$ cat data39.tsv   # TSV, C-alpha atoms and all ligand atoms
chain	number	residue	atom	x	y	z
A	210	ASN	CA	9.53	-15.99	18.68
A	211	LYS	CA	8.27	-12.66	17.48
A	212	LYS	CA	8.56	-10.88	14.16
A	213	GLY	CA	7.22	-7.60	12.81
A	214	PHE	CA	4.78	-7.98	9.93
A	215	ILE	CA	4.24	-4.78	7.95
A	216	PHE	CA	1.43	-4.64	5.38
A	217	ASP	CA	1.01	-2.19	2.55
A	218	LEU	CA	-2.68	-1.24	2.20
A	219	ASP	CA	-3.69	-0.49	-1.40
A	220	GLY	CA	-3.33	-3.62	-3.50
A	221	VAL	CA	-2.40	-5.85	-0.56
A	222	ILE	CA	-5.31	-5.57	1.89
A	223	VAL	CA	-7.90	-3.97	-0.41
A	224	ASP	CA	-8.14	-3.35	-4.14
A	225	THR	CA	-8.55	0.41	-4.11
A	226	ALA	CA	-6.70	0.84	-7.44
A	227	LYS	CA	-10.10	0.64	-9.20
A	228	TYR	CA	-11.35	3.67	-7.23
A	229	HIS	CA	-8.13	5.61	-7.79
A	230	PHE	CA	-8.60	4.82	-11.51
A	231	LEU	CA	-12.15	6.19	-11.63
A	232	ALA	CA	-11.21	9.34	-9.73
A	233	TRP	CA	-8.04	10.03	-11.75
A	234	ARG	CA	-9.79	9.31	-15.04
A	235	LYS	CA	-12.55	11.80	-14.25
A	236	LEU	CA	-9.95	14.43	-13.40
A	237	ALA	CA	-7.80	13.70	-16.47
A	238	ASN	CA	-10.76	13.64	-18.87
A	239	GLY	CA	-11.89	16.95	-17.40
A	240	LEU	CA	-8.57	18.37	-18.55
A	241	GLY	CA	-8.92	16.76	-21.98
A	242	ILE	CA	-6.35	14.07	-21.13
A	243	ASP	CA	-6.87	10.34	-21.78
A	244	PHE	CA	-6.30	8.03	-18.82
A	245	THR	CA	-5.83	4.31	-19.35
A	246	HIS	CA	-5.63	1.25	-17.10
A	247	GLU	CA	-1.97	0.90	-18.07
A	248	GLU	CA	-1.29	4.42	-16.81
A	249	ASN	CA	-3.19	3.66	-13.61
A	250	GLU	CA	-0.87	0.66	-13.08
A	251	GLN	CA	2.08	3.04	-13.11
A	252	LEU	CA	0.52	5.06	-10.27
A	253	LYS	CA	0.45	2.12	-7.84
A	254	GLY	CA	2.40	3.02	-4.71
A	255	VAL	CA	2.94	6.55	-6.05
A	256	SER	CA	1.97	9.51	-3.86
A	257	ARG	CA	-1.06	11.67	-4.65
A	258	VAL	CA	1.06	14.70	-5.65
A	259	ARG	CA	3.41	12.67	-7.81
A	260	SER	CA	0.43	10.92	-9.47
A	261	LEU	CA	-1.08	14.21	-10.61
A	262	GLU	CA	2.34	15.41	-11.80
A	263	LYS	CA	2.67	12.25	-13.92
A	264	ILE	CA	-0.83	12.59	-15.42
A	265	LEU	CA	-0.06	16.18	-16.39
A	266	GLU	CA	3.27	15.07	-17.90
A	267	TRP	CA	1.54	12.35	-19.92
A	268	GLY	CA	-1.07	14.83	-21.13
A	269	GLY	CA	1.48	17.56	-21.79
A	270	LYS	CA	-0.33	20.04	-19.53
A	271	THR	CA	0.93	22.56	-17.03
A	272	LEU	CA	-1.23	24.05	-14.28
A	273	SER	CA	-0.87	26.96	-11.91
A	274	LYS	CA	-0.06	26.11	-8.31
A	275	GLU	CA	-3.64	27.03	-7.34
A	276	GLU	CA	-5.22	24.82	-10.02
A	277	PHE	CA	-2.95	21.95	-9.02
A	278	THR	CA	-3.93	22.21	-5.36
A	279	SER	CA	-7.61	22.47	-6.17
A	280	LEU	CA	-7.50	19.42	-8.48
A	281	MET	CA	-5.71	17.38	-5.79
A	282	ALA	CA	-8.54	18.19	-3.40
A	283	LYS	CA	-11.17	17.37	-6.03
A	284	LYS	CA	-9.58	14.01	-6.81
A	285	ASN	CA	-9.54	13.08	-3.16
A	286	GLU	CA	-13.15	14.14	-2.68
A	287	GLU	CA	-14.15	11.91	-5.57
A	288	TYR	CA	-12.04	9.03	-4.19
A	289	LEU	CA	-13.55	9.42	-0.71
A	290	GLY	CA	-16.98	9.04	-2.28
A	291	TYR	CA	-16.01	5.49	-3.33
A	292	ILE	CA	-14.27	4.76	-0.01
A	293	SER	CA	-17.40	5.73	1.91
A	294	LYS	CA	-19.22	2.78	0.33
A	295	MET	CA	-16.56	0.20	1.21
A	296	ASP	CA	-17.15	-2.63	3.68
A	297	ALA	CA	-15.46	-5.84	4.87
A	298	SER	CA	-16.52	-7.66	1.69
A	299	GLU	CA	-13.74	-5.75	-0.10
A	300	ILE	CA	-10.93	-7.27	1.95
A	301	LEU	CA	-8.77	-9.29	-0.48
A	302	PRO	CA	-8.83	-13.13	-0.25
A	303	ASP	CA	-7.29	-14.66	2.90
A	304	VAL	CA	-6.04	-11.32	4.26
A	305	SER	CA	-8.27	-11.68	7.33
A	306	LYS	CA	-7.12	-15.28	7.77
A	307	VAL	CA	-3.45	-14.21	7.81
A	308	LEU	CA	-4.14	-11.31	10.20
A	309	ASP	CA	-6.07	-13.61	12.55
A	310	PHE	CA	-3.26	-16.16	12.46
A	311	LEU	CA	-0.64	-13.50	13.29
A	312	GLU	CA	-2.81	-12.27	16.15
A	313	ALA	CA	-3.18	-15.80	17.51
A	314	LYS	CA	0.62	-16.19	17.34
A	315	HIS	CA	1.11	-12.85	19.20
A	316	GLN	CA	3.06	-11.30	16.36
A	317	ALA	CA	3.65	-7.55	15.90
A	318	VAL	CA	1.58	-6.20	13.01
A	319	ALA	CA	1.78	-2.78	11.37
A	320	LEU	CA	0.44	-0.95	8.34
A	321	GLY	CA	2.92	0.85	6.10
A	322	SER	CA	1.05	2.83	3.44
A	323	ALA	CA	1.63	5.87	1.25
A	324	SER	CA	-2.06	6.75	1.50
A	325	LYS	CA	-3.35	9.61	3.62
A	326	ASN	CA	-6.69	7.79	3.66
A	327	ALA	CA	-5.37	4.61	5.30
A	328	ARG	CA	-7.16	4.97	8.63
A	329	PRO	CA	-10.63	5.69	7.18
A	330	ILE	CA	-10.23	2.75	4.77
A	331	LEU	CA	-9.22	0.33	7.55
A	332	GLU	CA	-12.16	1.60	9.57
A	333	LYS	CA	-14.58	1.01	6.69
A	334	VAL	CA	-13.43	-2.59	6.25
A	335	SER	CA	-13.33	-3.15	10.04
A	336	LEU	CA	-9.62	-4.00	10.24
A	337	LEU	CA	-8.34	-1.03	12.24
A	338	GLU	CA	-8.00	-2.99	15.49
A	339	LYS	CA	-5.90	-5.70	13.82
A	340	PHE	CA	-2.87	-3.38	13.66
A	341	ASN	CA	-0.51	-2.62	16.54
A	342	ALA	CA	0.82	0.40	14.64
A	343	ILE	CA	-0.21	2.42	11.61
A	344	VAL	CA	2.18	4.46	9.46
A	345	ASP	CA	0.57	6.27	6.54
A	346	GLY	CA	1.06	9.14	4.12
A	347	ASN	CA	0.54	11.64	6.93
A	348	ASP	CA	3.58	10.34	8.84
A	349	VAL	CA	6.29	10.25	6.20
A	350	THR	CA	8.36	12.89	4.43
A	351	LYS	CA	9.95	10.55	1.87
A	352	ALA	CA	7.87	8.34	-0.43
A	353	LYS	CA	8.64	4.68	-1.29
A	354	PRO	CA	11.16	3.48	-2.54
A	355	ASP	CA	12.60	5.37	0.43
A	356	PRO	CA	12.42	2.96	3.39
A	357	GLU	CA	11.17	5.63	5.84
A	358	VAL	CA	7.59	4.32	6.10
A	359	PHE	CA	8.72	0.81	7.03
A	360	LEU	CA	11.51	1.95	9.36
A	361	ILE	CA	9.01	4.05	11.31
A	362	GLY	CA	6.74	0.99	11.40
A	363	ALA	CA	9.51	-1.20	12.83
A	364	LYS	CA	10.29	1.42	15.45
A	365	LEU	CA	6.64	1.69	16.52
A	366	LEU	CA	6.49	-2.12	16.79
A	367	ASP	CA	9.73	-2.04	18.81
A	368	MET	CA	11.30	-4.48	16.33
A	369	GLN	CA	14.65	-4.45	14.54
A	370	PRO	CA	14.35	-4.01	10.73
A	371	GLN	CA	15.98	-7.41	10.11
A	372	ASP	CA	13.20	-8.99	12.18
A	373	CYS	CA	10.50	-7.44	9.99
A	374	VAL	CA	8.65	-8.73	6.96
A	375	VAL	CA	6.91	-6.50	4.41
A	376	PHE	CA	3.96	-7.40	2.17
A	377	GLU	CA	3.92	-5.19	-0.95
A	378	ASP	CA	2.23	-5.10	-4.36
A	379	SER	CA	4.33	-2.26	-5.82
A	380	VAL	CA	7.90	-2.29	-7.12
A	381	ALA	CA	8.74	0.87	-5.16
A	382	GLY	CA	7.42	-0.78	-1.99
A	383	VAL	CA	9.49	-3.93	-2.50
A	384	GLN	CA	12.57	-1.76	-3.05
A	385	ALA	CA	11.76	0.21	0.13
A	386	ALA	CA	11.55	-3.05	2.12
A	387	ASN	CA	14.83	-4.31	0.66
A	388	THR	CA	16.60	-1.04	1.45
A	389	ALA	CA	15.20	-1.22	4.99
A	390	ASN	CA	16.91	-4.62	5.33
A	391	MET	CA	13.57	-6.37	5.82
A	392	ILE	CA	12.27	-9.57	4.23
A	393	SER	CA	10.24	-8.45	1.20
A	394	ILE	CA	7.23	-10.44	0.10
A	395	GLY	CA	5.70	-9.40	-3.20
A	396	ILE	CA	1.96	-9.87	-3.58
A	397	GLY	CA	1.23	-9.98	-7.31
A	398	GLU	CA	2.96	-10.88	-10.54
A	399	LYS	CA	6.41	-12.57	-10.56
A	400	ASP	CA	7.70	-10.65	-13.58
A	401	VAL	CA	6.80	-7.30	-11.99
A	402	LEU	CA	7.92	-7.98	-8.42
A	403	HIS	CA	11.06	-10.03	-9.16
A	404	GLU	CA	13.14	-7.94	-6.73
A	405	ALA	CA	11.16	-9.38	-3.79
A	406	ASP	CA	12.63	-12.16	-1.61
A	407	TYR	CA	9.40	-14.14	-2.03
A	408	ILE	CA	6.43	-13.67	-4.33
A	409	PHE	CA	2.86	-14.90	-4.05
A	410	LYS	CA	0.04	-14.16	-6.45
A	411	ASP	CA	-2.20	-13.46	-3.45
A	412	PHE	CA	-2.53	-14.59	0.17
A	413	THR	CA	-4.39	-17.77	-0.81
A	414	GLU	CA	-1.06	-18.95	-2.30
A	415	MET	CA	0.90	-18.37	0.93
A	416	SER	CA	0.84	-21.38	3.23
A	417	GLN	CA	0.54	-21.32	7.00
A	418	GLU	CA	3.81	-23.30	7.12
A	419	PHE	CA	5.56	-20.44	5.35
A	420	VAL	CA	4.30	-17.91	7.91
A	421	GLU	CA	5.32	-20.25	10.74
A	422	ALA	CA	8.79	-20.58	9.21
A	423	ILE	CA	9.14	-16.78	9.14
A	424	ILE	CA	8.06	-16.53	12.76
A	425	SER	CA	10.58	-19.15	13.88
A	426	GLY	CA	13.36	-17.53	11.82
A	427	ASN	CA	13.73	-20.41	9.37
A	428	VAL	CA	13.07	-18.05	6.50
A	429	THR	CA	15.46	-15.12	6.06
B	501	LIG	C1	-0.84	4.30	-2.48
B	501	LIG	C2	-1.61	3.98	-3.76
B	501	LIG	O1	-1.03	3.28	-1.54
B	501	LIG	O2	-1.33	5.53	-1.94
B	501	LIG	C3	-1.49	5.13	-4.73
B	501	LIG	O3	-1.08	2.79	-4.32
B	501	LIG	C4	-1.97	6.42	-4.08
B	501	LIG	O4	-2.24	4.85	-5.89
B	501	LIG	C5	-1.20	6.67	-2.78
B	501	LIG	O5	-1.81	7.52	-4.95
B	501	LIG	C6	-1.70	7.91	-2.04
B	501	LIG	O6	-3.00	7.67	-1.62
B	501	LIG	P1	-4.03	8.77	-1.12
B	501	LIG	O7	-5.18	7.97	-0.57
B	501	LIG	O8	-3.34	9.55	-0.04
B	501	LIG	O9	-4.41	9.63	-2.27
B	502	MG	MG	0.17	-0.91	-2.76
$ encode --input "data39.tsv" --output "structure tokens"
Amino acid sequence: NKKGFIFDLDGVIVDTAKYHFLAWRKLANGLGIDFTHEENEQLKGVSRVRSLEKILEWGGKTLSKEEFTSLMAKKNEEYLGYISKMDASEILPDVSKVLDFLEAKHQAVALGSASKNARPILEKVSLLEKFNAIVDGNDVTKAKPDPEVFLIGAKLLDMQPQDCVVFEDSVAGVQAANTANMISIGIGEKDVLHEADYIFKDFTEMSQEFVEAIISGNVT
């Protein structure tokens, strides 16, 4: 039995939201706009362009096209500064255990992320070789909740969507998985991710029996 397991990156494999927060806050404050943790929460799973648009909306600012482009580049530069210091110690609890288990069971494993920095991040935390396919922000034209990122992932894994499982920490990502006709597994809070087929607080809460049941098709 073989299934396709597609992992989101930010918030599922590593907690990069804290670095996005620092970089966005610096940019927002530079424009005289406040930036809170609550606002950062709302940017989870949201593309880089859309994130800056939202910050400007919240702050009631408009920028020229040139300023917008230059700030996008600045934010990413700042973010990459934090990424460059990452290592395997930043992999979230039991993620490596699950990936090793899937590898031992000869399952198909892909990354499905909105980030254009997915490959460098996986490289920094030494997980790049754990994935049979990588789909990131450079490969898609439509952002989550559009299912494109996961459908491309399934195709690259040579798996049917209904034989794929998605791990997601964002509402938009769970919706994308559902629309793709895949099993959606929310990683995070129940009240936020209630649209997911299954929800675990983190991977330490997901049993090996559950993963085995997915592989054998006893969980649909
Ligand atoms: C998502 C993050 O995975 O990627 C968002 O949750 C982020 O916060 C988006 O904005 C795009 O990431 P990047 O690395 O291309 O700026
Ligand atoms: Mg995420």
$ atom_distance --input "data39.tsv" --atom1 "CA of Val223 (chain A)" --atom2 "CA of Phe409 (chain A)"
15.8 Å
$ closest_residue --input "data39.tsv" --among "A:Asp224, A:Glu275, A:Glu299, A:Glu312" --to "ligand LIG 501 (chain B)" --atoms "all atoms listed in the file"
A:Asp224
$ closest_atom_pairs --input "data39.tsv" --of "region 274-310 of chain A" --to "region 232-246 of chain A" --cutoff "6 Å" --atoms "only C-alpha atoms" --output "Markdown table"
| residue | atom | partner | partner_atom | distance |
| --- | --- | --- | --- | --- |
| A:Lys284 | CA | A:Ala232 | CA | 5.7 |
| A:Glu287 | CA | A:Ala232 | CA | 5.7 |
| A:Tyr288 | CA | A:Ala232 | CA | 5.6 |
$ atom_distance --input "data39.tsv" --atom1 "CA of Ser293 (chain A)" --atom2 "CA of Ser324 (chain A)"
15.4 Å
$ residues_near_ligand --input "data39.tsv" --ligand "ligand LIG 501 (chain B)" --cutoff "8 Å" --atoms "all atoms listed in the file" --output "list of chain:residue names"
A:Asp217, A:Leu218, A:Asp219, A:Gly220, A:Thr225, A:Ala226, A:His229, A:Asn249, A:Leu252, A:Lys253, A:Gly254, A:Val255, A:Ser256, A:Arg257, A:Val258, A:Arg259, A:Ser260, A:Asn285, A:Tyr288, A:Ser322, A:Ala323, A:Ser324, A:Lys325, A:Asn326, A:Ala327, A:Gly346, A:Ser379
$ closest_residue --input "data39.tsv" --among "A:Ala385, A:Ile396, A:Ala405, A:Ala297" --to "Pro356 (chain A)" --atoms "only C-alpha atoms"
A:Ala385
$ residues_around --input "data39.tsv" --residues "Ile392 (chain A)" --least-positions-apart "4" --cutoff "8 Å" --atoms "all atoms listed in the file" --output "PyMOL selection string"
chain A and resi 371+373-375+386-387+406+429
$ write_last_selection --input "data39.tsv" --atoms "C-alpha atoms" --output "PDB file, keeping the file's coordinate frame"
ATOM      1  CA  GLN A 371      15.980  -7.410  10.110  1.00  0.00           C
ATOM      2  CA  CYS A 373      10.500  -7.440   9.990  1.00  0.00           C
ATOM      3  CA  VAL A 374       8.650  -8.730   6.960  1.00  0.00           C
ATOM      4  CA  VAL A 375       6.910  -6.500   4.410  1.00  0.00           C
ATOM      5  CA  ALA A 386      11.550  -3.050   2.120  1.00  0.00           C
ATOM      6  CA  ASN A 387      14.830  -4.310   0.660  1.00  0.00           C
ATOM      7  CA  ASP A 406      12.630 -12.160  -1.610  1.00  0.00           C
ATOM      8  CA  THR A 429      15.460 -15.120   6.060  1.00  0.00           C
TER       9      THR A 429
END
$ closest_residue --input "data39.tsv" --among "A:Pro329, A:Gly426, A:Pro354, A:Gly362" --to "ligand MG 502 (chain B)" --atoms "all atoms listed in the file"
A:Pro354
$ atom_distance --input "data39.tsv" --atom1 "CA of Ile264 (chain A)" --atom2 "CA of Glu286 (chain A)"
17.8 Å
$ closest_residue --input "data39.tsv" --among "A:Glu247, A:Asp378, A:Asp345, A:Glu276" --to "ligand MG 502 (chain B)" --atoms "all atoms listed in the file"
A:Asp378
$ closest_residue --input "data39.tsv" --among "A:Val428, A:Val383, A:Ala352, A:Ala363" --to "Val318 (chain A)" --atoms "all atoms listed in the file"
A:Ala363
$ closest_residue --input "data39.tsv" --among "A:Lys410, A:Lys339, A:Lys351, A:His315" --to "Phe216 (chain A)" --atoms "only C-alpha atoms"
A:Lys339
$ decode --input "data39.tsv" --residues "region 308-361 of chain A" --atoms "C-alpha atoms" --output "compact mmCIF listing (two decimals), in the first residue's frame"
# COMPACT_ATOMS: atom_id res chain seq x y z
CA LEU A 308 9.34 11.43 7.95
CA ASP A 309 11.63 8.53 8.87
CA PHE A 310 8.63 6.25 9.42
CA LEU A 311 7.15 7.17 6.01
CA GLU A 312 10.52 6.53 4.38
CA ALA A 313 10.80 3.13 6.06
CA LYS A 314 7.29 2.30 4.79
CA HIS A 315 8.25 3.39 1.23
CA GLN A 316 5.59 6.07 1.08
CA ALA A 317 5.55 8.99 -1.39
CA VAL A 318 6.40 12.26 0.37
CA ALA A 319 6.14 15.80 -1.00
CA LEU A 320 6.37 19.37 0.22
CA GLY A 321 3.54 21.74 -0.69
CA SER A 322 4.41 25.28 0.42
CA ALA A 323 3.52 28.84 -0.52
CA SER A 324 7.05 29.95 0.33
CA LYS A 325 9.62 30.83 -2.31
CA ASN A 326 12.27 30.06 0.32
CA ALA A 327 11.22 26.44 0.87
CA ARG A 328 14.29 24.79 -0.63
CA PRO A 329 16.88 26.88 1.27
CA ILE A 330 14.96 26.29 4.52
CA LEU A 331 14.81 22.51 3.99
CA GLU A 332 18.51 22.59 3.19
CA LYS A 333 19.32 24.50 6.38
CA VAL A 334 17.45 21.99 8.55
CA SER A 335 18.89 19.03 6.57
CA LEU A 336 15.53 17.65 5.41
CA LEU A 337 15.80 18.24 1.67
CA GLU A 338 16.53 14.59 0.84
CA LYS A 339 13.46 13.38 2.76
CA PHE A 340 11.13 14.63 0.01
CA ASN A 341 10.41 12.85 -3.27
CA ALA A 342 8.97 16.08 -4.69
CA ILE A 343 8.95 19.75 -3.75
CA VAL A 344 6.29 22.24 -4.82
CA ASP A 345 6.79 25.78 -3.55
CA GLY A 346 5.85 29.39 -4.20
CA ASN A 347 7.96 29.41 -7.35
CA ASP A 348 5.85 26.66 -8.96
CA VAL A 349 2.30 27.89 -8.46
CA THR A 350 0.20 30.63 -10.02
CA LYS A 351 -2.73 30.37 -7.60
CA ALA A 352 -2.28 30.66 -3.82
CA LYS A 353 -3.99 28.46 -1.20
CA PRO A 354 -6.98 27.98 -0.72
CA ASP A 355 -6.64 27.12 -4.41
CA PRO A 356 -5.65 23.43 -4.54
CA GLU A 357 -3.01 23.95 -7.26
CA VAL A 358 0.04 23.45 -5.01
CA PHE A 359 -1.21 20.08 -3.72
CA LEU A 360 -2.48 18.87 -7.11
CA ILE A 361 0.96 19.52 -8.62
